[in-house]
file start07.cif (mmCIF, C-alpha atoms and all ligand atoms)
data_entry
#
loop_
_atom_site.label_atom_id
_atom_site.label_comp_id
_atom_site.auth_asym_id
_atom_site.auth_seq_id
_atom_site.Cartn_x
_atom_site.Cartn_y
_atom_site.Cartn_z
CA MET E 1 163.32 75.83 -75.46
CA ASN E 2 163.41 79.54 -74.66
CA GLN E 3 161.38 79.41 -71.44
CA PRO E 4 161.91 80.60 -67.88
CA THR E 5 163.11 78.21 -65.18
CA VAL E 6 160.24 77.08 -62.93
CA VAL E 7 162.13 74.66 -60.71
CA ASP E 8 165.71 75.47 -59.75
CA LEU E 9 167.70 73.09 -57.55
CA ARG E 10 171.21 74.19 -56.68
CA HIS E 11 173.73 71.97 -54.94
CA VAL E 12 170.98 70.11 -53.13
CA SER E 13 171.94 67.42 -50.64
CA LYS E 14 169.58 65.43 -48.45
CA SER E 15 170.52 63.23 -45.52
CA TYR E 16 168.38 61.20 -43.15
CA SER E 17 169.55 60.39 -39.62
CA SER E 18 168.42 57.57 -37.41
CA GLY E 19 170.23 57.21 -34.12
CA SER E 20 173.92 57.84 -34.70
CA LYS E 21 173.73 56.84 -38.37
CA THR E 22 173.36 59.45 -41.11
CA THR E 23 172.67 58.40 -44.69
CA GLU E 24 173.22 60.79 -47.54
CA VAL E 25 170.38 60.08 -49.95
CA LEU E 26 171.04 62.88 -52.45
CA GLN E 27 174.38 64.58 -52.98
CA ASN E 28 175.06 67.93 -54.63
CA LEU E 29 172.25 67.75 -57.13
CA SER E 30 171.69 70.74 -59.41
CA LEU E 31 168.86 70.84 -61.92
CA ALA E 32 166.97 73.65 -63.67
CA ILE E 33 163.61 72.72 -65.18
CA LEU E 34 162.02 75.02 -67.75
CA ARG E 35 158.37 75.98 -68.02
CA GLY E 36 156.51 73.51 -70.22
CA GLU E 37 159.37 71.04 -70.15
CA PHE E 38 158.75 67.29 -69.80
CA VAL E 39 161.57 65.85 -67.71
CA THR E 40 161.83 62.12 -67.05
CA VAL E 41 163.96 60.63 -64.28
CA VAL E 42 165.39 57.09 -64.29
CA GLY E 43 167.63 55.34 -61.77
CA ALA E 44 167.90 52.20 -59.67
CA SER E 45 165.49 51.57 -56.80
CA GLY E 46 166.54 53.57 -53.74
CA CYS E 47 168.63 56.13 -55.65
CA GLY E 48 166.43 58.96 -54.35
CA LYS E 49 163.92 59.67 -57.14
CA SER E 50 160.90 59.95 -54.83
CA THR E 51 162.97 61.98 -52.39
CA LEU E 52 163.80 64.36 -55.23
CA LEU E 53 160.09 64.84 -56.01
CA GLN E 54 159.30 65.41 -52.33
CA LEU E 55 161.97 68.07 -52.17
CA ILE E 56 160.61 69.79 -55.29
CA ALA E 57 157.10 69.68 -53.78
CA GLY E 58 158.38 71.19 -50.52
CA LEU E 59 157.25 68.12 -48.54
CA GLU E 60 160.88 67.65 -47.42
CA GLN E 61 163.58 70.23 -46.86
CA PRO E 62 167.11 69.87 -48.25
CA SER E 63 169.97 69.35 -45.77
CA SER E 64 171.98 71.82 -47.83
CA GLY E 65 171.57 73.73 -51.07
CA THR E 66 168.54 75.65 -52.32
CA ILE E 67 165.32 74.81 -54.13
CA ASP E 68 163.34 77.53 -55.85
CA THR E 69 159.92 76.57 -57.20
CA LYS E 70 158.02 79.23 -59.09
CA ALA E 71 154.69 77.56 -59.83
CA LYS E 72 151.87 75.62 -58.26
CA ILE E 73 152.56 71.91 -57.90
CA ALA E 74 150.40 68.77 -57.94
CA PHE E 75 151.40 65.15 -57.36
CA MET E 76 150.26 62.05 -59.25
CA PHE E 77 151.02 58.56 -57.92
CA GLN E 78 150.61 55.03 -59.18
CA ASP E 79 147.23 54.41 -57.53
CA ALA E 80 145.78 57.66 -58.99
CA ASN E 81 144.71 58.59 -55.40
CA LEU E 82 140.98 59.11 -56.05
CA LEU E 83 138.40 59.01 -53.28
CA PRO E 84 136.55 55.72 -53.90
CA TRP E 85 133.17 56.82 -52.53
CA LEU E 86 132.96 59.91 -54.77
CA THR E 87 131.96 60.00 -58.43
CA VAL E 88 134.22 61.32 -61.17
CA ARG E 89 132.36 64.63 -61.02
CA GLN E 90 132.68 64.80 -57.23
CA ASN E 91 136.36 63.86 -57.21
CA ILE E 92 137.10 66.73 -59.57
CA SER E 93 134.74 69.15 -57.75
CA LEU E 94 136.60 68.44 -54.52
CA ALA E 95 139.87 69.51 -56.12
CA LEU E 96 138.23 72.73 -57.32
CA ARG E 97 136.87 73.35 -53.84
CA LEU E 98 140.28 72.78 -52.25
CA ALA E 99 141.77 75.15 -54.82
CA GLY E 100 139.32 77.84 -53.66
CA VAL E 101 137.30 78.04 -56.88
CA ALA E 102 133.84 79.62 -56.31
CA LYS E 103 131.05 77.03 -56.10
CA THR E 104 129.04 78.76 -58.82
CA ASP E 105 131.85 77.93 -61.27
CA TRP E 106 132.24 74.26 -60.38
CA ALA E 107 129.67 72.71 -62.73
CA VAL E 108 131.02 74.36 -65.89
CA ARG E 109 134.65 73.89 -64.91
CA VAL E 110 134.19 70.21 -63.99
CA GLN E 111 132.53 69.50 -67.33
CA GLU E 112 135.36 71.27 -69.16
CA LEU E 113 137.93 69.16 -67.32
CA ILE E 114 136.03 65.91 -67.91
CA ASP E 115 135.80 66.73 -71.62
CA LYS E 116 139.48 67.64 -71.72
CA VAL E 117 140.55 64.23 -70.39
CA ARG E 118 137.94 62.57 -72.63
CA LEU E 119 135.74 61.07 -69.93
CA THR E 120 132.51 62.61 -71.18
CA GLY E 121 129.63 60.28 -70.21
CA TRP E 122 131.45 58.94 -67.14
CA GLU E 123 130.61 61.86 -64.85
CA GLU E 124 128.55 59.80 -62.38
CA ALA E 125 130.82 56.72 -62.32
CA ARG E 126 132.76 55.82 -59.19
CA PRO E 127 136.47 54.91 -59.38
CA HIS E 128 135.86 51.12 -59.14
CA GLU E 129 133.74 51.31 -62.30
CA LEU E 130 136.62 52.84 -64.28
CA SER E 131 139.61 51.17 -65.93
CA GLY E 132 143.10 51.94 -64.61
CA GLY E 133 143.72 54.28 -67.52
CA MET E 134 140.46 56.15 -66.91
CA ARG E 135 141.30 56.56 -63.23
CA HIS E 136 144.59 58.13 -64.25
CA ARG E 137 142.75 60.54 -66.51
CA VAL E 138 140.56 61.59 -63.57
CA ALA E 139 143.74 62.09 -61.54
CA LEU E 140 145.11 64.30 -64.32
CA ALA E 141 141.87 66.30 -64.37
CA ARG E 142 142.25 66.81 -60.62
CA CYS E 143 145.80 68.11 -61.08
CA LEU E 144 144.42 70.61 -63.62
CA ALA E 145 141.52 71.48 -61.27
CA GLN E 146 144.05 72.35 -58.59
CA GLY E 147 145.48 74.92 -60.98
CA ALA E 148 148.79 73.06 -61.05
CA GLU E 149 151.43 74.29 -63.46
CA ILE E 150 153.92 71.63 -62.43
CA VAL E 151 152.87 67.99 -62.10
CA LEU E 152 155.15 65.54 -60.34
CA MET E 153 154.46 61.96 -61.40
CA ASP E 154 156.01 59.15 -59.37
CA GLU E 155 155.89 55.99 -61.51
CA PRO E 156 152.25 56.73 -62.31
CA LEU E 157 151.80 54.08 -65.00
CA GLY E 158 153.81 51.19 -63.55
CA ALA E 159 150.79 49.00 -62.87
CA LEU E 160 149.06 49.38 -66.23
CA ASP E 161 149.03 46.97 -69.17
CA ALA E 162 150.98 47.97 -72.29
CA MET E 163 148.02 49.13 -74.40
CA THR E 164 146.53 51.28 -71.66
CA ARG E 165 149.96 52.72 -70.97
CA ASP E 166 150.57 53.61 -74.64
CA HIS E 167 147.22 55.35 -74.77
CA LEU E 168 147.94 57.29 -71.57
CA HIS E 169 151.30 58.37 -72.96
CA GLU E 170 149.40 60.06 -75.79
CA GLU E 171 146.90 61.59 -73.37
CA ILE E 172 149.53 62.84 -70.94
CA GLU E 173 151.49 64.32 -73.82
CA ARG E 174 148.42 66.03 -75.28
CA ILE E 175 147.05 67.34 -71.98
CA SER E 176 150.40 68.59 -70.73
CA ARG E 177 151.01 70.39 -74.02
CA GLU E 178 147.52 71.95 -74.11
CA ALA E 179 147.72 73.08 -70.48
CA GLN E 180 151.40 74.05 -70.86
CA LEU E 181 152.26 71.90 -67.87
CA THR E 182 155.75 71.28 -66.64
CA VAL E 183 156.08 67.59 -65.85
CA VAL E 184 158.66 65.68 -63.81
CA PHE E 185 157.99 61.99 -64.47
CA VAL E 186 159.80 59.22 -62.57
CA THR E 187 159.92 55.78 -64.16
CA HIS E 188 161.90 52.55 -64.12
CA ASN E 189 161.23 52.05 -67.80
CA MET E 190 163.92 53.64 -69.97
CA ARG E 191 161.90 53.45 -73.18
CA GLU E 192 159.01 55.18 -71.46
CA ALA E 193 161.44 57.88 -70.29
CA VAL E 194 162.69 58.38 -73.87
CA ARG E 195 159.15 58.18 -75.32
CA LEU E 196 157.91 61.02 -73.10
CA GLY E 197 160.86 63.17 -72.15
CA ASP E 198 162.21 66.38 -73.63
CA ARG E 199 165.08 65.54 -71.34
CA VAL E 200 165.99 62.31 -69.53
CA ILE E 201 167.84 62.55 -66.21
CA LEU E 202 169.80 59.44 -65.23
CA MET E 203 170.52 59.06 -61.54
CA ALA E 204 173.30 57.09 -59.86
CA SER E 205 172.88 55.56 -56.40
CA ALA E 206 174.33 55.81 -52.92
CA PRO E 207 174.44 58.73 -52.72
CA GLY E 208 171.84 59.69 -55.30
CA ARG E 209 173.18 62.12 -57.88
CA ILE E 210 172.77 63.05 -61.53
CA LEU E 211 174.84 60.76 -63.69
CA HIS E 212 173.82 62.05 -67.10
CA GLU E 213 171.29 64.33 -68.79
CA GLU E 214 170.09 63.56 -72.29
CA LYS E 215 168.13 66.01 -74.41
CA VAL E 216 165.83 63.86 -76.54
CA ALA E 217 165.80 65.21 -80.08
CA LEU E 218 163.47 62.55 -81.57
CA VAL E 219 160.41 64.02 -83.32
CA ARG E 220 156.97 63.64 -81.73
CA PRO E 221 154.71 61.76 -81.72
CA ARG E 222 157.05 59.00 -80.61
CA VAL E 223 156.30 55.32 -80.31
CA MET E 224 157.78 53.38 -77.44
CA ASP E 225 158.60 50.34 -79.58
CA SER E 226 160.13 52.28 -82.46
CA PRO E 227 163.78 51.55 -83.35
CA GLU E 228 164.73 55.19 -82.59
CA VAL E 229 163.30 55.10 -79.06
CA ALA E 230 164.67 51.61 -78.43
CA SER E 231 168.15 52.55 -79.60
CA LEU E 232 168.43 55.69 -77.47
CA ALA E 233 166.99 53.78 -74.48
CA ALA E 234 169.63 51.06 -74.98
CA LYS E 235 172.38 53.67 -75.03
CA LEU E 236 171.11 55.29 -71.80
CA THR E 237 170.65 51.91 -70.10
CA GLY E 238 174.28 51.21 -71.03
CA LEU E 239 175.34 54.37 -69.19
CA LEU E 240 173.42 53.33 -66.06
CA LYS E 241 174.89 49.83 -66.25
CA ALA E 242 178.42 51.18 -66.60
CA ALA E 243 177.84 53.22 -63.44
CA GLY E 244 176.54 50.13 -61.62
CA SER E 245 173.14 51.79 -61.24
CA TYR E 246 170.97 49.49 -63.27
CA GLU E 247 168.38 46.89 -62.32
CA LYS E 248 166.53 44.77 -64.78
CA ASN E 249 162.75 44.97 -64.67
N1 LIG F 301 161.85 59.52 -44.47
C1 LIG F 301 162.96 58.79 -44.65
N2 LIG F 301 163.76 58.47 -43.62
C2 LIG F 301 164.88 57.75 -43.79
N3 LIG F 301 165.30 57.28 -44.97
C3 LIG F 301 164.56 57.57 -46.05
C4 LIG F 301 163.35 58.32 -45.95
N4 LIG F 301 162.83 58.46 -47.20
C5 LIG F 301 163.67 57.79 -48.02
N5 LIG F 301 164.71 57.26 -47.33
C6 LIG F 301 165.83 56.50 -47.93
O1 LIG F 301 166.31 57.25 -49.00
C7 LIG F 301 166.71 56.41 -50.08
C8 LIG F 301 166.04 56.87 -51.35
O2 LIG F 301 164.64 56.60 -51.25
P1 LIG F 301 163.63 56.99 -52.42
O3 LIG F 301 162.30 56.52 -51.99
O4 LIG F 301 163.78 58.41 -52.75
O5 LIG F 301 164.20 56.10 -53.61
P2 LIG F 301 163.57 55.84 -55.06
O6 LIG F 301 164.64 56.14 -56.06
O7 LIG F 301 162.29 56.56 -55.19
O8 LIG F 301 163.33 54.27 -55.03
P3 LIG F 301 162.18 53.39 -55.79
O9 LIG F 301 162.62 53.32 -57.21
O10 LIG F 301 162.26 52.06 -55.12
O11 LIG F 301 160.88 54.07 -55.60
C9 LIG F 301 166.37 54.99 -49.66
O12 LIG F 301 167.55 54.38 -49.21
C10 LIG F 301 165.39 55.17 -48.52
O13 LIG F 301 165.51 54.13 -47.61
MG MG F 302 160.30 55.95 -55.44
#
call {"tool": "encode", "arguments": {"input": "start07.cif", "output": "structure tokens"}}
result
Amino acid sequence: MNQPTVVDLRHVSKSYSSGSKTTEVLQNLSLAILRGEFVTVVGASGCGKSTLLQLIAGLEQPSSGTIDTKAKIAFMFQDANLLPWLTVRQNISLALRLAGVAKTDWAVRVQELIDKVRLTGWEEARPHELSGGMRHRVALARCLAQGAEIVLMDEPLGALDAMTRDHLHEEIERISREAQLTVVFVTHNMREAVRLGDRVILMASAPGRILHEEKVALVRPRVMDSPEVASLAAKLTGLLKAAGSYEKN
């Protein structure tokens, strides 16, 4: 990929102190993410994946090293973080308002976004009337409404059933390609990481650091249960296991 770097972490370390005890959560982590790239991150619980996303988002500061982020960022979590008392249309309008879009443009823009995530006809529904997958599509529309160029996803699909998840993989892939988004996607599921990623980052624990980076050369569209995806996922899981940074789930 011949694209500029949009997120550049150099020799980043992060420690937390409580009382006299200091814990190094991330150690000397360097990572350059290219525009339009889909990067997936896998590692054992507590290895610092969420901390890494918070650093990229600027919600936390590194203890040492530098982080350079060249584009607007949005976050997507497991619960899709929609406001339950607002309709789909209102949830997306709110994001446009917070992004400073002129009110006269909201109606057209909201409809465009709803069509883009294929929720046409659900404009007046409230979150509890939607399936988990649909709620995630509203959350994606909100990321786009915010004008985000980088979307940080922290285990966004962990709670979904397999069919809904497969469908969302296709949607996330399509929407991120159409909107030329850069995505950093944290997951515990290695096959999901291989299914989605242009590059898979494996993290080791205590302190958190990059153990291995794998460029995924498999052609798209990919299927999570295909032998190609399963075989690369098994190889990468083997690397995590060998480093003692693997948990079964
Ligand atoms: N604000 C904080 N203060 C102190 N310690 C923290 C703080 N945030 C995270 N930690 C510690 O940093 C380590 C990494 O946490 P983090 O949430 O980044 O892990 P993770 O890889 O996202 O784990 P999981 O897979 O369970 O979500 C943990 O040991 C955690 O206890
Ligand atoms: Mg986490």
call {"tool": "residues_around", "arguments": {"input": "start07.cif", "residues": "Arg135 (chain E)", "least_positions_apart": "5", "cutoff": "7 Å", "atoms": "all atoms listed in the file", "output": "NGL selection string"}}
result
:E and (80 or 127 or 130)
call {"tool": "residues_near_ligand", "arguments": {"input": "start07.cif", "ligand": "ligand MG 302 (chain F)", "cutoff": "9 Å", "atoms": "only C-alpha atoms and all ligand atoms", "output": "ChimeraX atom specification"}}
result
/E:45-51,53,154-155,186-187
call {"tool": "closest_residue", "arguments": {"input": "start07.cif", "among": "E:Leu202, E:Val183, E:Gly208, E:Ser93", "to": "Leu29 (chain E)", "atoms": "all atoms listed in the file"}}
result
E:Gly208
call {"tool": "atom_distance", "arguments": {"input": "start07.cif", "atom1": "CA of Lys241 (chain E)", "atom2": "CA of Ala217 (chain E)"}}
result
22.6 Å
call {"tool": "closest_residue", "arguments": {"input": "start07.cif", "among": "E:Met153, E:Pro84, E:Ala145, E:Ile175", "to": "Val117 (chain E)", "atoms": "all atoms listed in the file"}}
result
E:Ile175
call {"tool": "residues_around", "arguments": {"input": "start07.cif", "residues": "Trp106 (chain E)", "least_positions_apart": "3", "cutoff": "12 Å", "atoms": "all atoms listed in the file", "output": "NGL selection string"}}
result
:E and (89-103 or 109-114 or 145)
call {"tool": "residues_around", "arguments": {"input": "start07.cif", "residues": "Arg209 (chain E)", "least_positions_apart": "3", "cutoff": "7 Å", "atoms": "only C-alpha atoms", "output": "PDB file with C-alpha atoms, in the frame of the given file"}}
result
ATOM      1  CA  LEU E  26     171.040  62.880 -52.450  1.00  0.00           C
ATOM      2  CA  GLN E  27     174.380  64.580 -52.980  1.00  0.00           C
ATOM      3  CA  ASN E  28     175.060  67.930 -54.630  1.00  0.00           C
ATOM      4  CA  LEU E  29     172.250  67.750 -57.130  1.00  0.00           C
ATOM      5  CA  MET E 203     170.520  59.060 -61.540  1.00  0.00           C
ATOM      6  CA  ALA E 204     173.300  57.090 -59.860  1.00  0.00           C
ATOM      7  CA  SER E 205     172.880  55.560 -56.400  1.00  0.00           C
TER       8      SER E 205
END
call {"tool": "closest_residue", "arguments": {"input": "start07.cif", "among": "E:Pro207, E:Gly132, E:Gly147, E:Gly197", "to": "ligand LIG 301 (chain F)", "atoms": "all atoms listed in the file"}}
result
E:Pro207
call {"tool": "axis_aligned_box", "arguments": {"input": "start07.cif", "around": "region 91-104 of chain E", "padding_each_side": "6 Å", "output": "AutoDock Vina command-line options"}}
result
--center_x 135.4 --center_y 71.7 --center_z -55.9 --size_x 24.7 --size_y 27.8 --size_z 19.3
call {"tool": "residues_around", "arguments": {"input": "start07.cif", "residues": "Gln3 (chain E)", "least_positions_apart": "2", "cutoff": "12 Å", "atoms": "all atoms listed in the file", "output": "JSON list (two decimals) with C-alpha atoms, keeping the file's coordinate frame"}}
result
[["chain", "number", "residue", "atom", "x", "y", "z"],
["E", 1, "MET", "CA", 163.32, 75.83, -75.46],
["E", 5, "THR", "CA", 163.11, 78.21, -65.18],
["E", 6, "VAL", "CA", 160.24, 77.08, -62.93],
["E", 7, "VAL", "CA", 162.13, 74.66, -60.71],
["E", 32, "ALA", "CA", 166.97, 73.65, -63.67],
["E", 33, "ILE", "CA", 163.61, 72.72, -65.18],
["E", 34, "LEU", "CA", 162.02, 75.02, -67.75],
["E", 35, "ARG", "CA", 158.37, 75.98, -68.02],
["E", 36, "GLY", "CA", 156.51, 73.51, -70.22],
["E", 37, "GLU", "CA", 159.37, 71.04, -70.15],
["E", 180, "GLN", "CA", 151.40, 74.05, -70.86],
["E", 182, "THR", "CA", 155.75, 71.28, -66.64]]
call {"tool": "atom_distance", "arguments": {"input": "start07.cif", "atom1": "CA of His169 (chain E)", "atom2": "CA of Arg191 (chain E)"}}
result
11.7 Å
call {"tool": "atom_distance", "arguments": {"input": "start07.cif", "atom1": "CA of His136 (chain E)", "atom2": "CA of Asn189 (chain E)"}}
result
18.1 Å
call {"tool": "residues_around", "arguments": {"input": "start07.cif", "residues": "Glu213 (chain E)", "least_positions_apart": "3", "cutoff": "12 Å", "atoms": "all atoms listed in the file", "output": "mmCIF file with C-alpha atoms, in the coordinates of the input"}}
result
data_model
loop_
_atom_site.group_PDB
_atom_site.id
_atom_site.type_symbol
_atom_site.label_atom_id
_atom_site.label_comp_id
_atom_site.auth_asym_id
_atom_site.auth_seq_id
_atom_site.Cartn_x
_atom_site.Cartn_y
_atom_site.Cartn_z
ATOM 1 C CA SER E 30 171.690 70.740 -59.410
ATOM 2 C CA LEU E 31 168.860 70.840 -61.920
ATOM 3 C CA ALA E 32 166.970 73.650 -63.670
ATOM 4 C CA ILE E 33 163.610 72.720 -65.180
ATOM 5 C CA VAL E 39 161.570 65.850 -67.710
ATOM 6 C CA THR E 40 161.830 62.120 -67.050
ATOM 7 C CA VAL E 41 163.960 60.630 -64.280
ATOM 8 C CA VAL E 42 165.390 57.090 -64.290
ATOM 9 C CA GLY E 43 167.630 55.340 -61.770
ATOM 10 C CA ALA E 193 161.440 57.880 -70.290
ATOM 11 C CA VAL E 194 162.690 58.380 -73.870
ATOM 12 C CA GLY E 197 160.860 63.170 -72.150
ATOM 13 C CA ASP E 198 162.210 66.380 -73.630
ATOM 14 C CA ARG E 199 165.080 65.540 -71.340
ATOM 15 C CA VAL E 200 165.990 62.310 -69.530
ATOM 16 C CA ILE E 201 167.840 62.550 -66.210
ATOM 17 C CA LEU E 202 169.800 59.440 -65.230
ATOM 18 C CA MET E 203 170.520 59.060 -61.540
ATOM 19 C CA ALA E 204 173.300 57.090 -59.860
ATOM 20 C CA ARG E 209 173.180 62.120 -57.880
ATOM 21 C CA ILE E 210 172.770 63.050 -61.530
ATOM 22 C CA VAL E 216 165.830 63.860 -76.540
ATOM 23 C CA LEU E 236 171.110 55.290 -71.800
ATOM 24 C CA LEU E 239 175.340 54.370 -69.190
ATOM 25 C CA LEU E 240 173.420 53.330 -66.060
#
call {"tool": "closest_residue", "arguments": {"input": "start07.cif", "among": "E:His11, E:Arg137, E:Arg174, E:Arg165", "to": "Gly65 (chain E)", "atoms": "only C-alpha atoms"}}
result
E:His11
call {"tool": "closest_residue", "arguments": {"input": "start07.cif", "among": "E:Leu181, E:Leu119, E:Leu86, E:Leu9", "to": "Val138 (chain E)", "atoms": "only C-alpha atoms"}}
result
E:Leu119
call {"tool": "closest_residue", "arguments": {"input": "start07.cif", "among": "E:Thr104, E:Asn2, E:Gln146, E:Ser245", "to": "ligand LIG 301 (chain F)", "atoms": "only C-alpha atoms and all ligand atoms"}}
result
E:Ser245
call {"tool": "residues_near_point", "arguments": {"input": "start07.cif", "point": "(154.1, 71.2, -63.3)", "cutoff": "7 Å", "atoms": "all atoms listed in the file", "output": "PDB file with C-alpha atoms, keeping the file's coordinate frame"}}
result
ATOM      1  CA  ILE E  73     152.560  71.910 -57.900  1.00  0.00           C
ATOM      2  CA  ALA E  74     150.400  68.770 -57.940  1.00  0.00           C
ATOM      3  CA  ALA E 148     148.790  73.060 -61.050  1.00  0.00           C
ATOM      4  CA  GLU E 149     151.430  74.290 -63.460  1.00  0.00           C
ATOM      5  CA  ILE E 150     153.920  71.630 -62.430  1.00  0.00           C
ATOM      6  CA  VAL E 151     152.870  67.990 -62.100  1.00  0.00           C
ATOM      7  CA  LEU E 152     155.150  65.540 -60.340  1.00  0.00           C
ATOM      8  CA  LEU E 181     152.260  71.900 -67.870  1.00  0.00           C
ATOM      9  CA  THR E 182     155.750  71.280 -66.640  1.00  0.00           C
ATOM     10  CA  VAL E 183     156.080  67.590 -65.850  1.00  0.00           C
TER      11      VAL E 183
END
call {"tool": "decode", "arguments": {"input": "start07.cif", "residues": "region 183-198 of chain E", "atoms": "N, CA, C and O atoms", "output": "tab-separated table (two decimals), in the first residue's frame"}}
result
chain	number	residue	atom	x	y	z
E	183	VAL	N	-8.76	1.75	9.98
E	183	VAL	CA	-9.40	1.09	11.11
E	183	VAL	C	-8.35	0.38	11.96
E	183	VAL	O	-7.47	-0.30	11.43
E	184	VAL	N	-8.44	0.57	13.27
E	184	VAL	CA	-7.65	-0.23	14.21
E	184	VAL	C	-8.66	-1.02	15.03
E	184	VAL	O	-9.49	-0.43	15.74
E	185	PHE	N	-8.63	-2.34	14.89
E	185	PHE	CA	-9.71	-3.22	15.37
E	185	PHE	C	-9.11	-4.22	16.36
E	185	PHE	O	-8.29	-5.06	15.99
E	186	VAL	N	-9.50	-4.11	17.62
E	186	VAL	CA	-9.00	-5.02	18.66
E	186	VAL	C	-9.96	-6.19	18.81
E	186	VAL	O	-11.18	-6.00	18.87
E	187	THR	N	-9.43	-7.39	18.84
E	187	THR	CA	-10.28	-8.57	19.03
E	187	THR	C	-9.53	-9.67	19.77
E	187	THR	O	-8.30	-9.71	19.76
E	188	HIS	N	-10.29	-10.57	20.41
E	188	HIS	CA	-9.68	-11.76	21.00
E	188	HIS	C	-9.73	-12.94	20.04
E	188	HIS	O	-9.18	-13.99	20.31
E	189	ASN	N	-10.41	-12.73	18.92
E	189	ASN	CA	-10.66	-13.83	18.00
E	189	ASN	C	-9.66	-13.77	16.83
E	189	ASN	O	-9.74	-12.89	15.98
E	190	MET	N	-8.75	-14.71	16.80
E	190	MET	CA	-7.66	-14.66	15.80
E	190	MET	C	-8.20	-14.79	14.38
E	190	MET	O	-7.70	-14.15	13.46
E	191	ARG	N	-9.22	-15.63	14.20
E	191	ARG	CA	-9.75	-15.78	12.83
E	191	ARG	C	-10.44	-14.50	12.36
E	191	ARG	O	-10.37	-14.14	11.20
E	192	GLU	N	-11.09	-13.82	13.29
E	192	GLU	CA	-11.68	-12.52	12.96
E	192	GLU	C	-10.58	-11.53	12.56
E	192	GLU	O	-10.72	-10.77	11.59
E	193	ALA	N	-9.47	-11.57	13.30
E	193	ALA	CA	-8.35	-10.66	13.01
E	193	ALA	C	-7.80	-10.92	11.61
E	193	ALA	O	-7.50	-9.98	10.86
E	194	VAL	N	-7.69	-12.20	11.24
E	194	VAL	CA	-7.17	-12.56	9.92
E	194	VAL	C	-8.21	-12.25	8.84
E	194	VAL	O	-7.88	-11.77	7.75
E	195	ARG	N	-9.48	-12.51	9.14
E	195	ARG	CA	-10.58	-12.24	8.20
E	195	ARG	C	-10.60	-10.76	7.78
E	195	ARG	O	-10.81	-10.43	6.62
E	196	LEU	N	-10.37	-9.87	8.75
E	196	LEU	CA	-10.54	-8.44	8.48
E	196	LEU	C	-9.26	-7.70	8.15
E	196	LEU	O	-9.29	-6.71	7.42
E	197	GLY	N	-8.13	-8.16	8.70
E	197	GLY	CA	-6.95	-7.30	8.71
E	197	GLY	C	-6.13	-7.29	7.43
E	197	GLY	O	-5.92	-8.32	6.80
E	198	ASP	N	-5.65	-6.09	7.04
E	198	ASP	CA	-4.55	-6.04	6.08
E	198	ASP	C	-3.27	-6.45	6.80
E	198	ASP	O	-2.34	-6.97	6.21
